[in-house]
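Single-structure report; data block below.
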Amino acid sequence: LPAAVYAPDPLARSRPAVEFAYRAAGARGRRAGGTVFAHDVPDALRQLDAMGLRDVKVLNDPVIGEELKVIDDPASAELDTRDAHRPLWLAMLGAAWEHRWIWGSALALLAWTLSAGVAYTMVGYVSIVYAIMAVTWTLCYVLPVAAYRLLQQARVYADWPRAQFCLSLVEAFNPFGTISALQVLAEETKIMAGCGEAAEALLLWKQGAHRASPAEYAHGLMSIHSIAGDVPGMIAAQRRLYDLAPDDELLALDLALSLARYEGAIDEAQRLVARITPDRLSALSLGGYHYVRGLICAEQQQWEFAIKQYGQAMEVLGRLKGHPLSAGMAAEIRGFAALALKASGRRHEARSVWSSALPVVQGDALLKNLIARYEAA
């Protein structure tokens, strides 16, 4: 069963609603689990009974010590930041080195062919062709993919000159279209939006993306509005995407995240989250799933439950070390976790977490409100 969010019992509205975890057996005897928003344990049990579950056990003791250790991990935050600011030549060499078994074996075979004096035999011709193909593959596949990944990292930290240079590398080493023309155009418009040219970026996207599918086109619009800090425009594009595929759980998750993160619209976010089955999500999406649940708890001022969800999100994202989008999401989560810690009176821990989140938070136009909320808390 999906870990769903259900409406609380109207008879218990005098008490604040909190999130309860549960374990139970489904109709066919299969184990089920998830969370439910309720005002107290009896209210949670009533909701779970109405769902047809049996052997229900409600877990209502929030334990956040371990989650806080995962969130407040300066070494992990420093590693993310260091990876994003490595010299480009070193990062590109690292990417080529990861595939050394291809070009290294080819060059080793070529060296043996030349040293053995069989360069003009069939073995020599094969080794030369193999070496040329291996080096070409490295230059035209490995390097553009590596440059594209570095471009994504630069975007996370709003380092637009670095992003522009990485885009130039992608275009220079991409003769076979390893990175599609549409992807290149999308990255160009994102960089323009980050440099304060959102109107020009939108015009370029509308003119250049005529071959894009409706979903690709809406996603491009969403990205431009997001980087420009235009929340209404971004959410409008996300709704457009969701309307195109209302059964897509990832689109529901993205929309729920934006609603909870930027507008505090937790009622709609809860309805969207209730449609998601966590077991089917990738690690990155599962991190986002716990993230949005933490945001919902925080909007209801259930700080300990929020921190617990943030910690679970960070634990999942920890499996994706080096992934640029994972690093960006982790920094965001640290920022909201710091806000929850400060709001709950744990100011010393909040300062420690906030300092590791700030390099990303202060560079994201959409998160300026988070800085103001943290300073006011």
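Following the order of the structure tokens, first chain is A, next is B, and so on, with residues numbered from 1 inside each chain and ligands from 1 in the order they appear.
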Point to revise | Neighbour list for region 146-148 of chain A as JSON, numbers by chain, cut-off 10 Å, only C-alpha atoms, skip fewer than 4 positions in-chain | key: {"A": [88, 91, 92, 93, 94, 95, 96, 141, 142, 152, 153, 154, 163, 165, 166, 167, 168, 169, 170, 171, 173, 179, 183, 184, 187]}
Exercise for review: Apply DSSP to the backbone of this structure and, from region 147-321 of chain A, keep only the residues in helix (DSSP H, G or I); write these as a VMD selection string.
Suggested key: chain A and resid 147 to 156 160 to 172 181 to 194 198 to 208 214 to 228 231 to 244 249 to 263 266 to 273 278 to 280 283 to 299 303 to 320
Keeping C-alpha atoms for every residue in the selection just given, could you write it to a file as a short mmCIF file (atom, residue, chain, number, x, y, z; two decimals), in the first residue's frame?
data_model
loop_
_atom_site.label_atom_id
_atom_site.label_comp_id
_atom_site.auth_asym_id
_atom_site.auth_seq_id
_atom_site.Cartn_x
_atom_site.Cartn_y
_atom_site.Cartn_z
CA ALA A 147 30.84 18.23 -19.17
CA TYR A 148 27.05 17.98 -19.00
CA ARG A 149 27.27 16.64 -15.46
CA LEU A 150 29.63 19.48 -14.48
CA LEU A 151 27.17 21.93 -16.05
CA GLN A 152 24.42 20.58 -13.79
CA GLN A 153 26.67 20.98 -10.75
CA ALA A 154 27.43 24.57 -11.71
CA ARG A 155 23.72 25.32 -12.01
CA VAL A 156 23.09 23.99 -8.51
CA TRP A 160 26.86 30.73 -14.38
CA PRO A 161 30.29 31.47 -15.97
CA ARG A 162 31.36 27.90 -15.16
CA ALA A 163 28.05 26.58 -16.50
CA GLN A 164 28.52 28.52 -19.75
CA PHE A 165 32.03 27.13 -20.19
CA CYS A 166 30.78 23.59 -19.57
CA LEU A 167 28.07 24.13 -22.18
CA SER A 168 30.76 25.21 -24.64
CA LEU A 169 32.60 21.96 -23.93
CA VAL A 170 29.43 19.96 -24.53
CA GLU A 171 28.92 21.65 -27.89
CA ALA A 172 32.59 21.23 -28.89
CA ALA A 181 20.20 19.42 -29.51
CA LEU A 182 17.08 19.93 -27.40
CA GLN A 183 19.06 19.31 -24.20
CA VAL A 184 21.71 21.78 -25.30
CA LEU A 185 19.05 24.38 -26.08
CA ALA A 186 17.39 23.77 -22.69
CA GLU A 187 20.69 24.28 -20.87
CA GLU A 188 21.38 27.46 -22.84
CA THR A 189 18.01 28.91 -21.80
CA LYS A 190 18.59 27.93 -18.17
CA ILE A 191 21.91 29.76 -18.14
CA MET A 192 20.28 32.81 -19.70
CA ALA A 193 17.57 32.76 -17.01
CA GLY A 194 20.23 32.47 -14.31
CA ALA A 198 14.49 35.21 -18.42
CA ALA A 199 12.40 36.97 -21.09
CA GLU A 200 15.04 36.28 -23.74
CA ALA A 201 15.33 32.67 -22.55
CA LEU A 202 11.57 32.14 -22.85
CA LEU A 203 11.57 33.62 -26.35
CA LEU A 204 14.51 31.43 -27.44
CA TRP A 205 12.81 28.32 -26.03
CA LYS A 206 9.52 29.08 -27.74
CA GLN A 207 11.31 29.63 -31.07
CA GLY A 208 13.75 26.74 -30.83
CA PRO A 214 4.23 18.89 -25.24
CA ALA A 215 5.80 17.42 -22.10
CA GLU A 216 9.34 18.44 -23.10
CA TYR A 217 8.14 21.93 -23.97
CA ALA A 218 6.35 22.39 -20.64
CA HIS A 219 9.38 21.03 -18.77
CA GLY A 220 11.59 23.60 -20.49
CA LEU A 221 9.24 26.40 -19.48
CA MET A 222 9.19 25.11 -15.91
CA SER A 223 12.99 25.08 -15.71
CA ILE A 224 13.32 28.65 -17.00
CA HIS A 225 10.74 30.00 -14.56
CA SER A 226 12.33 28.02 -11.74
CA ILE A 227 15.84 29.38 -12.27
CA ALA A 228 14.47 32.91 -12.74
CA VAL A 231 7.17 30.73 -8.62
CA PRO A 232 3.73 31.30 -10.25
CA GLY A 233 5.15 30.65 -13.72
CA MET A 234 6.99 27.54 -12.56
CA ILE A 235 3.97 26.03 -10.82
CA ALA A 236 1.75 26.85 -13.81
CA ALA A 237 4.17 24.91 -16.04
CA GLN A 238 4.23 22.03 -13.54
CA ARG A 239 0.42 21.90 -13.55
CA ARG A 240 0.52 21.83 -17.33
CA LEU A 241 2.93 18.89 -17.17
CA TYR A 242 0.78 17.09 -14.61
CA ASP A 243 -2.36 17.60 -16.69
CA LEU A 244 -0.61 15.89 -19.61
CA GLU A 249 3.82 9.78 -9.82
CA LEU A 250 7.04 11.72 -10.46
CA LEU A 251 5.11 14.68 -11.85
CA ALA A 252 2.78 14.52 -8.84
CA LEU A 253 5.81 14.51 -6.54
CA ASP A 254 7.43 17.49 -8.29
CA LEU A 255 4.22 19.51 -8.07
CA ALA A 256 3.70 18.57 -4.42
CA LEU A 257 7.25 19.64 -3.61
CA SER A 258 6.78 23.05 -5.21
CA LEU A 259 3.41 23.63 -3.56
CA ALA A 260 4.71 22.72 -0.10
CA ARG A 261 8.10 24.37 -0.51
CA TYR A 262 7.16 27.73 -2.03
CA GLU A 263 3.46 28.30 -1.37
CA ILE A 266 -0.03 21.57 2.11
CA ASP A 267 -3.62 20.44 1.56
CA GLU A 268 -3.09 19.98 -2.17
CA ALA A 269 0.41 18.64 -1.56
CA GLN A 270 -1.06 15.98 0.76
CA ARG A 271 -3.57 14.91 -1.87
CA LEU A 272 -0.80 14.52 -4.44
CA VAL A 273 1.50 12.64 -2.05
CA PRO A 278 7.23 4.96 -2.45
CA ASP A 279 8.42 1.43 -3.30
CA ARG A 280 8.33 2.29 -7.01
CA ALA A 283 16.54 6.88 -4.82
CA LEU A 284 16.46 10.53 -5.92
CA SER A 285 12.65 10.58 -6.07
CA LEU A 286 12.36 8.74 -2.76
CA GLY A 287 14.51 11.46 -1.22
CA GLY A 288 12.07 14.03 -2.63
CA TYR A 289 9.16 12.01 -1.24
CA HIS A 290 10.49 12.22 2.33
CA TYR A 291 11.42 15.85 1.71
CA VAL A 292 7.87 16.88 0.83
CA ARG A 293 6.48 14.96 3.80
CA GLY A 294 8.88 16.87 6.01
CA LEU A 295 7.66 20.15 4.52
CA ILE A 296 4.05 19.16 5.24
CA CYS A 297 4.89 18.40 8.87
CA ALA A 298 6.81 21.67 9.20
CA GLU A 299 3.89 23.73 7.88
CA TRP A 303 8.93 20.03 14.06
CA GLU A 304 10.16 16.67 15.33
CA PHE A 305 8.25 14.74 12.68
CA ALA A 306 9.56 17.18 10.04
CA ILE A 307 13.16 16.62 11.13
CA LYS A 308 12.61 12.87 11.08
CA GLN A 309 11.40 13.03 7.47
CA TYR A 310 14.28 15.31 6.47
CA GLY A 311 16.71 12.83 8.01
CA GLN A 312 15.18 9.95 6.06
CA ALA A 313 15.48 11.99 2.87
CA MET A 314 19.15 12.72 3.56
CA GLU A 315 19.82 9.06 4.29
CA VAL A 316 18.38 8.06 0.91
CA LEU A 317 20.23 10.81 -0.96
CA GLY A 318 23.46 9.72 0.69
CA ARG A 319 23.44 6.72 -1.67
CA LEU A 320 23.87 9.08 -4.62
#
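Taking CA of Ala343 (chain A) and CA of Ala377 (chain A) as the two end points, the separation is 5.7 Å.
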